[in-house]
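Okay, so here's the structure we're looking at.
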Amino acid sequence: MKRNKLWAIGALFVSGSALAYIAVGDLGENLVYYWSPTEMVAAKQKAVGATIRLGGLVEPGSLVPTGHTLNFRVTDGTTTVPVTTQEVPPQMFREGIGVVVEGTVDGAGQFTSKRMMVKHDNEYRAPTDGSTPSNAAMFGTMDEG
Amino acid sequence: MIAYIGQGFVLAGLLCAAAGSVAGFGAGAMRSATGWAWARGLALGFSACMVLANLTMVYALLIHDFSVRYVAQVGSLVSPAYITIVSLWSSLEGSILFWGFILGIYVAAATLLNGDKNPSTMPWATGVWLAVGTFFCFLLAGPANAFLPAPSPVPLDGPGPNPLLQNHVLMIIHPPMLYLGYVGMTIPFGIAAGALFAGRLEASQIAPLRRWLLVAWGFLTVGITLGGWWAYEVLGWGGYWAWDPVENASLLPWLTATAALHAAMLPQRRAALKGWTVTLVLASFLLTLLGTFMTRSGVFNSVHSFSQSDIGPTILAFLSICLVFSVALLALRIDKLEGEGAVTTVVSRETAFLLNNLLFVALTFTVLIGTTFPLIAEAIRDVKLSVGEPYFNRMAVPIGVSILFLMGVGPALPWGQASTERLRTQLVPPLVVGALVVGVGLGAGLRDFWPLATLGCGGFSVWVTVREMVAPVRAQVAANRAGGLGSAFGAAVASNHRRIGGYVVHLGIITMIISIAMSSAYSVDAELRLAKGECAAFEEYQLCYEQARTEQEAHRSLQIADIRLTRGDSSSIVSPALVTYPSMGTPIGAPDVRTTPGYDLYVSLMSVTPEGVGLHVYQKPLIVWIWIGAGLAALGTLFSLTPLRWLQGGRAVSAEAAVAASK
């Protein structure tokens, strides 16, 4: 009985650590970073290839639709990042609005978005003109937005 | 005025709960029958106060008494009556109040059903339930007070509840179901803690423990599925589950409760693993508190979170207290429960249950790590991040398929040691069936490993489950040739109705797993941009944009695109829309979903401009079977819980007597 218990605990320990090892490894590969343009640029090489949710405002005057491709810049007031996407933009998408784009950035700093959503703020109130959306309000769950 | 009445009920509830909790613990420690009678009376008093407090709030909502701040927050003169009632749980304070209502109902039911049976453990259990009740009353009296007076001047009208809540009937049912599941875990938690305090868990207590666990589990299952269904029908992103932290928060207690439901069969059968069962029950309750913390504190920004609130730290403190309490209780008392029986056989149903438990716990850990990691990362390194869906899928798929396989292995194996001969007759036919199903899948052109594995394991498990359901009927027919099939069926149900209910649940879950696997693996989607009159092809369909129109309703406006959908000779109009609520800036998509048994065609409107429309179209196989499977699981749960004498139409035979007779 005692020996059985020891074996059981041993087996549990081994399988538990194996699971933790796999889980933590997988976790590291599947992180999604919530960054503002300034934070993303500051992360430099770490940002390249990672999945990023970039939040900011669509810079006024930067929106250039070409066929099915949209080019625009996302800004947080200090830093701007050029973004390109093939997606159908959401209804409210326009210059000056708060936006979260999910995608990757290349070495040259060009961001390619695979999903985007507009976000007013978390309290579902229309933003007052000229206000910068706070980071906390910007990053909701994109998948459900 | 109403605010003061409601406040009074909350405070009276707080008094009853606190006094009753002390009485319960005291009665448990001193084995005092009088003390316990007091605790039971106070438990009923607490329940009555909670019900009355809720009725007071509903009344205030219905008469639009905007002098109550909560009513001013969520009420609106234009909302229809049912929306007004539903707004009881549409915002933070009201949802905690509603929480108290459900806890009151549960505590009253558990107290009345138990009566004065099990005097060694149940006083402790009553004490624990009321301690939880004390905490929620404290929340209601302080940090989440729903009955605060409105700031003067009293507003003339309110904004109405969160628009998302008004959008779909599923959103009216989903929260109460989930609350019933969450709050329901309090009852088994109390019984398990009571068993630890008393140092014994007898068969007479395992039965109610399992039953209450099953009640909470059933509601949780329905609540989680309805949430997914709602997301799918309303939010327009074509999915039902996104591994969102708050979704995970509801899945975690479901996983441990599922494990506990299976584990609890071992002490019933073998007097083994009592400590383990109790641990799982405690964990389920702690995870519901973690879920409450995640949803109610605003630490996650999600469709589920209410506005930022300051009750987060309070709930976190309560969670910590409960965690310390549970760990200490387990550390000090778990030895008392063990040592009566053990699992000694390797190839047996017991082993299958143990493996099942290990898999569920492993899944709980992986989901827990992925869900809490962002919180920890933010607390320690001040980075905002989330864990992507691939992590969860890569962990959940293999574990899920293994569980699916075990759902066939467990019921096929006997209790105790299985002989090789028995194994062969029990396992070979279903394995052949599983292989045949894989063959059919290959023939249909499926080539991916995990969907094929799911199909194979699913076929295997379905075969075993159906065989085990039919076996008692066949045995009765063989034993009692004169009676005919009808009476044999009745007798088989009478002696096995809980087990049959369990197998119906299994069939429901198997259906869900298979359809989740197929719909995830073989979903196709496309983004279409159509100018007016323009057509595009998607799979076997032709979609033509005919016109856009707007509709104005009392509390919302809709931009609708009419799309002609043609397939072969038949054609129809789908009308996805974008819904705008005045109180909410961003429009919400209202997809048009065409459901068939084989697949759903899901048309989501992304934008309408004078130049044309942007559509996201999905074809997703077998989706409807996810909801059907959940319904089947709910039915099976209900059947298991139904007292046998109800099933027998008034013949006063208790389940225990029938089981005894069948032995």
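Here, A, B, ... name the chains of the structure tokens in the order displayed, residue numbers run from 1 inside each chain, and ligands are numbered from 1 in the same displayed order.
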
Tell me, as a ChimeraX atom specification, which residues lie within 8 Å of Val32 of chain A, counting only C-alpha atoms; anything in the same chain fewer than 3 positions away does not count.
/A:50-53 /B:385-388

Written file, previous selection with C-alpha atoms, as a PDB file, in the first residue's frame:
```
ATOM      1  CA  ALA A  50       5.500  38.215 -32.629  1.00  0.00           C
ATOM      2  CA  THR A  51       1.729  38.508 -32.607  1.00  0.00           C
ATOM      3  CA  ILE A  52       0.904  42.049 -31.582  1.00  0.00           C
ATOM      4  CA  ARG A  53      -2.261  43.936 -30.799  1.00  0.00           C
TER       5      ARG A  53
ATOM      6  CA  LEU B 385      -0.256  40.631 -23.107  1.00  0.00           C
ATOM      7  CA  SER B 386      -2.592  37.741 -23.644  1.00  0.00           C
ATOM      8  CA  VAL B 387      -2.132  34.096 -24.430  1.00  0.00           C
ATOM      9  CA  GLY B 388      -3.152  33.280 -27.982  1.00  0.00           C
TER      10      GLY B 388
END
```

Which polymer residues have any atom within 12 Å of an atom of Ala33 of chain B, counting only C-alpha atoms, with same-chain residues fewer than 3 positions away left out, as a PyMOL selection string?
chain B and resi 23-30+36-40+115-120+122-123

Pick out the residues sitting within 9 Å of Ala20 of chain A, and hand them over as an NGL selection string; count only C-alpha atoms, and ignore anything fewer than 5 positions along from it in its own chain.
(:A and (15 or 25)) or (:B and (365-366))

Contacts of Pro390 of chain B at 10 Å (only C-alpha atoms; same-chain gap of 6+ positions) as a VMD selection string
(chain A and resid 26 to 27 29 to 31) or (chain B and resid 243 396)

Of the residues B:Thr364, B:Gln426, B:Asn356, B:Ser495, which is the one nearest to Met407 of chain B, using only C-alpha atoms?
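When distances to Met407 of chain B are compared using only C-alpha atoms, the smallest one comes from B:Asn356.
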
May I ask which of the residues A:Thr80, A:Thr75, A:Ser62, A:Gln86 is the closest one to chain B, counting only C-alpha atoms?
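Among the listed residues, A:Gln86 lies closest to chain B.
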
Among listed residues A:Val118, A:Val14, A:Val64, A:Val81, nearest chain B (using only C-alpha atoms):
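Ranking A:Val118, A:Val14, A:Val64, A:Val81 by distance to chain B, first place goes to A:Val118.
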